[in-house]
Amino acid sequence: MSGFSEIAANYDGFVVDLWGVVHDGVKPYPSVIDCLQQLRALKKPVVFLSNAPRRATAIGRGLAAMGIGAELYAGIMSSGEAVYLALRDRTDTDFAALGNRLFHLGPERDRDVFDTLPLISVNTPAEADFLLNTGPDDYLGLDDPSIYTPILNAALAAGLPMVCANPDLEVVRDGKRIICAGLLAQYYVAQGGKVVLRGKPDPAIYTPTLALLGVEKSRALAVGDSLRTDMAGAKAAGIDACWVLSGIHALHPGVAPEQAMLAGIAPVAILPEFAW
């Protein structure tokens with residue numbers, strides 16, 4: 001399709017990815033705000049679903065700084081929010097077994113996932129009960145996963161389970177690819193470590209997301225740029241999906257259907273960008 005208007009009438013609400021669909025990590029894509037305004041005028045709610053490893057309130061502040069006000073969406077769910085809730089409530093078996101001493105691998109801005117909870121942040125993996133992985137550190141570097149091998153190996157030696165608050169392997173920020181927590185989690189699993197993931201493509205995260213959206217699953221459409229997380233997650237949750245090519249894959253629309261087929265994914269629509 002050439003525009004989102006061609007499919008919007010078929011659904012009552014939309015679950016929309018952020019990074020790669022709405023913005024590039026720095027600024028919104030050119031047609032996004034207009035598209036959101038058109039949906040608002042039609043009273044079609046939008047809930048943003050992101051694998052960002054931080055709380056929904058922090059994501060909302062970041063969107064506002066980009067000119068995307070809260071009037072343009074009905075809510076935000078993120079992998080960071082899901083991890084926060086799981087650490088707070090401890091009703092999930094994997095989280096109930098964790099202790100209260102954590103080693104945080106990630107930048108300072110992601111500390112809102114745990115810093116208001118009764119947890120103790122320690123300085124070395126050897127002191128911790130579990131490793132909380134929110135991604136690469138801005139100071140150590142964003143593009144070389146080998147930098148983090150010593151930390152990960154120390155956590156492995158201590159027998160720590162890892163909680164990964166962002167299943168993404170990489171994202172494109174302002175045209176540059178940077179690694180994410182999911183890539184570090186892949187290494188951890190390959191070395192025999194235990195990893196608990198929250199976020200797409202896990203279908204569980206769509207339950208609270210659809211609750212925010214307030215429409216039946218059969219009347220919702222997921223919009224995302226990643227085959228591995230957005231499209232696969234929607235498929236696992238039983239939600240129709242629209243694949244947007246502006247983000248991580250950056251494919252030409254002419255080759256996209258073949259790539260989706262090879263991945264075993266059947267989106268109901270493919271768009272060059274999230275534009276009306």
# chains A, B, ... in the order shown; residues from 1 in each chain; ligands from 1
>>> closest_atom_pairs(of="segment 13-38 of chain A", to="segment 209-224 of chain A", cutoff="6 Å", atoms="only C-alpha atoms", output="Markdown table")
| residue | atom | partner | partner_atom | distance |
| --- | --- | --- | --- | --- |
| A:Gly13 | CA | A:Ala220 | CA | 5.0 |
| A:Phe14 | CA | A:Leu221 | CA | 4.9 |
| A:Val15 | CA | A:Ala222 | CA | 4.5 |
| A:Val16 | CA | A:Val223 | CA | 4.7 |
| A:Asp17 | CA | A:Gly224 | CA | 5.0 |
>>> write_last_selection(atoms="C-alpha atoms", output="PDB file, in the first residue's frame")
ATOM      1  CA  GLY A  13      -7.481   0.517  17.153  1.00  0.00           C
ATOM      2  CA  PHE A  14      -3.762   0.199  16.527  1.00  0.00           C
ATOM      3  CA  VAL A  15      -0.739  -1.138  18.406  1.00  0.00           C
ATOM      4  CA  VAL A  16       2.146   0.877  17.013  1.00  0.00           C
ATOM      5  CA  ASP A  17       5.874   0.328  17.474  1.00  0.00           C
TER       6      ASP A  17
END
>>> closest_atom_pairs(of="segment 18-99 of chain A", to="segment 107-112 of chain A", cutoff="9 Å", atoms="only C-alpha atoms", output="tab-separated table")
residue	atom	partner	partner_atom	distance
A:Pro53	CA	A:Asp110	CA	6.3
A:Arg54	CA	A:Asp110	CA	5.2
A:Arg55	CA	A:Asp112	CA	6.4
A:Ala58	CA	A:Asp112	CA	8.3
A:Gly80	CA	A:Asp110	CA	8.2
A:Tyr84	CA	A:Asp112	CA	8.2
>>> atom_distance(atom1="atom CA of Ile147 of chain A", atom2="atom CA of Leu183 of chain A")
12.4 Å
>>> residues_around(residues="Tyr206 of chain A", least_positions_apart="2", cutoff="9 Å", atoms="only C-alpha atoms", output="PyMOL selection string")
chain A and resi 15+49+77+199-200+202-204+208-211+233-234+237
>>> select_by_dssp(residues="segment 43-143 of chain A", states="strand (DSSP E)", output="list in words")
Val46, Val47, Phe48, Leu49, Ser50, Gly75, Ile76, Met77, Ser78, Arg101, Leu102, Phe103, His104, Leu105, Ile120, Ser121, Phe130, Leu131, Leu132 and Asn133 of chain A
>>> write_last_selection(atoms="C-alpha atoms", output="CSV table (one decimal), in the first residue's frame")
chain,number,residue,atom,x,y,z
A,46,VAL,CA,-3.3,4.2,19.2
A,47,VAL,CA,-1.2,2.5,21.9
A,48,PHE,CA,2.5,2.5,21.5
A,49,LEU,CA,4.2,-0.8,22.2
A,50,SER,CA,8.0,-0.5,22.5
A,75,GLY,CA,-1.3,4.8,26.2
A,76,ILE,CA,2.3,3.3,26.2
A,77,MET,CA,3.4,-0.2,27.0
A,78,SER,CA,7.1,-1.1,27.0
A,101,ARG,CA,20.4,-7.8,44.8
A,102,LEU,CA,21.0,-6.9,41.2
A,103,PHE,CA,23.8,-5.9,38.9
A,104,HIS,CA,22.6,-3.4,36.3
A,105,LEU,CA,24.2,-3.6,32.8
A,120,ILE,CA,19.8,-3.3,46.1
A,121,SER,CA,22.0,-2.3,43.1
A,130,PHE,CA,20.6,-11.5,39.2
A,131,LEU,CA,21.8,-9.5,36.2
A,132,LEU,CA,19.5,-6.8,34.8
A,133,ASN,CA,20.4,-6.2,31.2
>>> residues_around(residues="Gly62 of chain A", least_positions_apart="4", cutoff="12 Å", atoms="only C-alpha atoms", output="list in words")
Leu18, Trp19, His23, Gly25, Val26, Lys27, Pro28, Ala52, Arg54, Arg55, Ala56, Thr57, Ala58, Met66, Gly67, Ile68, Gly69, Ala70, Ile76 and Arg109 of chain A
>>> atom_distance(atom1="atom CA of Ala275 of chain A", atom2="atom CA of Ser2 of chain A")
8.2 Å
>>> residues_around(residues="Ser146 of chain A", least_positions_apart="4", cutoff="12 Å", atoms="only C-alpha atoms", output="ChimeraX atom specification")
/A:136,140-142,150-153,179,183-184,187
>>> write_last_selection(atoms="C-alpha atoms", output="PDB file, in the first residue's frame")
ATOM      1  CA  PRO A 136      24.936  -1.254  26.136  1.00  0.00           C
ATOM      2  CA  LEU A 140      31.604   1.859  26.937  1.00  0.00           C
ATOM      3  CA  GLY A 141      30.126   1.972  23.441  1.00  0.00           C
ATOM      4  CA  LEU A 142      27.039   1.178  21.415  1.00  0.00           C
ATOM      5  CA  PRO A 150      34.040  -9.568  30.536  1.00  0.00           C
ATOM      6  CA  ILE A 151      30.916  -8.405  32.414  1.00  0.00           C
ATOM      7  CA  LEU A 152      28.782 -11.165  30.926  1.00  0.00           C
ATOM      8  CA  ASN A 153      31.426 -13.800  31.666  1.00  0.00           C
ATOM      9  CA  ILE A 179      23.342  -2.871  19.442  1.00  0.00           C
ATOM     10  CA  LEU A 183      22.185  -9.156  21.369  1.00  0.00           C
ATOM     11  CA  LEU A 184      23.948  -9.409  24.740  1.00  0.00           C
ATOM     12  CA  TYR A 187      25.567 -14.347  23.879  1.00  0.00           C
TER      13      TYR A 187
END
>>> closest_residue(among="A:Cys164, A:Cys242, A:Gly247, A:Val83", to="Lys194 of chain A", atoms="only C-alpha atoms")
A:Cys164
>>> select_by_dssp(residues="segment 53-89 of chain A", states="alpha helix (DSSP H)", output="PDB file with N, CA and C atoms, in the first residue's frame")
ATOM      1  N   ALA A  56       7.103   3.582  30.976  1.00  0.00           N
ATOM      2  CA  ALA A  56       6.222   4.253  30.021  1.00  0.00           C
ATOM      3  C   ALA A  56       6.239   5.773  30.211  1.00  0.00           C
ATOM      4  N   THR A  57       6.328   6.240  31.462  1.00  0.00           N
ATOM      5  CA  THR A  57       6.334   7.682  31.710  1.00  0.00           C
ATOM      6  C   THR A  57       7.554   8.353  31.091  1.00  0.00           C
ATOM      7  N   ALA A  58       8.704   7.690  31.174  1.00  0.00           N
ATOM      8  CA  ALA A  58       9.926   8.241  30.575  1.00  0.00           C
ATOM      9  C   ALA A  58       9.812   8.275  29.052  1.00  0.00           C
ATOM     10  N   ILE A  59       9.213   7.249  28.483  1.00  0.00           N
ATOM     11  CA  ILE A  59       9.016   7.228  27.033  1.00  0.00           C
ATOM     12  C   ILE A  59       8.085   8.361  26.613  1.00  0.00           C
ATOM     13  N   GLY A  60       7.042   8.591  27.409  1.00  0.00           N
ATOM     14  CA  GLY A  60       6.128   9.684  27.111  1.00  0.00           C
ATOM     15  C   GLY A  60       6.815  11.038  27.104  1.00  0.00           C
ATOM     16  N   ARG A  61       7.736  11.244  28.048  1.00  0.00           N
ATOM     17  CA  ARG A  61       8.485  12.512  28.068  1.00  0.00           C
ATOM     18  C   ARG A  61       9.353  12.654  26.825  1.00  0.00           C
ATOM     19  N   GLY A  62       9.954  11.547  26.395  1.00  0.00           N
ATOM     20  CA  GLY A  62      10.772  11.588  25.188  1.00  0.00           C
ATOM     21  C   GLY A  62       9.941  11.896  23.952  1.00  0.00           C
ATOM     22  N   LEU A  63       8.753  11.328  23.871  1.00  0.00           N
ATOM     23  CA  LEU A  63       7.872  11.606  22.732  1.00  0.00           C
ATOM     24  C   LEU A  63       7.449  13.074  22.723  1.00  0.00           C
ATOM     25  N   ALA A  64       7.119  13.599  23.903  1.00  0.00           N
ATOM     26  CA  ALA A  64       6.711  15.001  23.989  1.00  0.00           C
ATOM     27  C   ALA A  64       7.826  15.928  23.501  1.00  0.00           C
ATOM     28  N   ALA A  65       9.065  15.581  23.816  1.00  0.00           N
ATOM     29  CA  ALA A  65      10.203  16.381  23.366  1.00  0.00           C
ATOM     30  C   ALA A  65      10.353  16.351  21.847  1.00  0.00           C
ATOM     31  N   SER A  79       8.730  -2.872  27.143  1.00  0.00           N
ATOM     32  CA  SER A  79       9.373  -4.011  27.800  1.00  0.00           C
ATOM     33  C   SER A  79       9.925  -3.587  29.158  1.00  0.00           C
ATOM     34  N   GLY A  80      10.402  -2.348  29.254  1.00  0.00           N
ATOM     35  CA  GLY A  80      10.881  -1.847  30.541  1.00  0.00           C
ATOM     36  C   GLY A  80       9.768  -1.758  31.564  1.00  0.00           C
ATOM     37  N   GLU A  81       8.589  -1.321  31.142  1.00  0.00           N
ATOM     38  CA  GLU A  81       7.434  -1.267  32.039  1.00  0.00           C
ATOM     39  C   GLU A  81       7.045  -2.671  32.491  1.00  0.00           C
ATOM     40  N   ALA A  82       7.070  -3.623  31.548  1.00  0.00           N
ATOM     41  CA  ALA A  82       6.721  -5.011  31.882  1.00  0.00           C
ATOM     42  C   ALA A  82       7.712  -5.600  32.885  1.00  0.00           C
ATOM     43  N   VAL A  83       9.001  -5.299  32.737  1.00  0.00           N
ATOM     44  CA  VAL A  83      10.003  -5.778  33.692  1.00  0.00           C
ATOM     45  C   VAL A  83       9.791  -5.124  35.052  1.00  0.00           C
ATOM     46  N   TYR A  84       9.527  -3.824  35.062  1.00  0.00           N
ATOM     47  CA  TYR A  84       9.258  -3.130  36.329  1.00  0.00           C
ATOM     48  C   TYR A  84       8.100  -3.794  37.072  1.00  0.00           C
ATOM     49  N   LEU A  85       7.000  -4.046  36.374  1.00  0.00           N
ATOM     50  CA  LEU A  85       5.824  -4.646  37.003  1.00  0.00           C
ATOM     51  C   LEU A  85       6.130  -6.053  37.511  1.00  0.00           C
ATOM     52  N   ALA A  86       6.906  -6.811  36.723  1.00  0.00           N
ATOM     53  CA  ALA A  86       7.247  -8.177  37.136  1.00  0.00           C
ATOM     54  C   ALA A  86       8.165  -8.179  38.359  1.00  0.00           C
ATOM     55  N   LEU A  87       9.110  -7.245  38.409  1.00  0.00           N
ATOM     56  CA  LEU A  87       9.987  -7.133  39.573  1.00  0.00           C
ATOM     57  C   LEU A  87       9.227  -6.644  40.800  1.00  0.00           C
ATOM     58  N   ARG A  88       8.234  -5.818  40.586  1.00  0.00           N
ATOM     59  CA  ARG A  88       7.440  -5.294  41.697  1.00  0.00           C
ATOM     60  C   ARG A  88       6.505  -6.354  42.271  1.00  0.00           C
ATOM     61  N   ASP A  89       5.810  -7.064  41.388  1.00  0.00           N
ATOM     62  CA  ASP A  89       4.735  -7.949  41.836  1.00  0.00           C
ATOM     63  C   ASP A  89       5.215  -9.356  42.183  1.00  0.00           C
TER      64      ASP A  89
END
>>> atom_distance(atom1="atom CA of Trp243 of chain A", atom2="atom CA of Pro267 of chain A")
6.2 Å
>>> closest_residue(among="A:Ser246, A:Asn100, A:Thr207, A:Val171", to="Val32 of chain A", atoms="only C-alpha atoms")
A:Ser246
>>> closest_residue(among="A:Ala256, A:Ala97, A:Ile7, A:Pro125", to="Ala241 of chain A", atoms="only C-alpha atoms")
A:Ile7
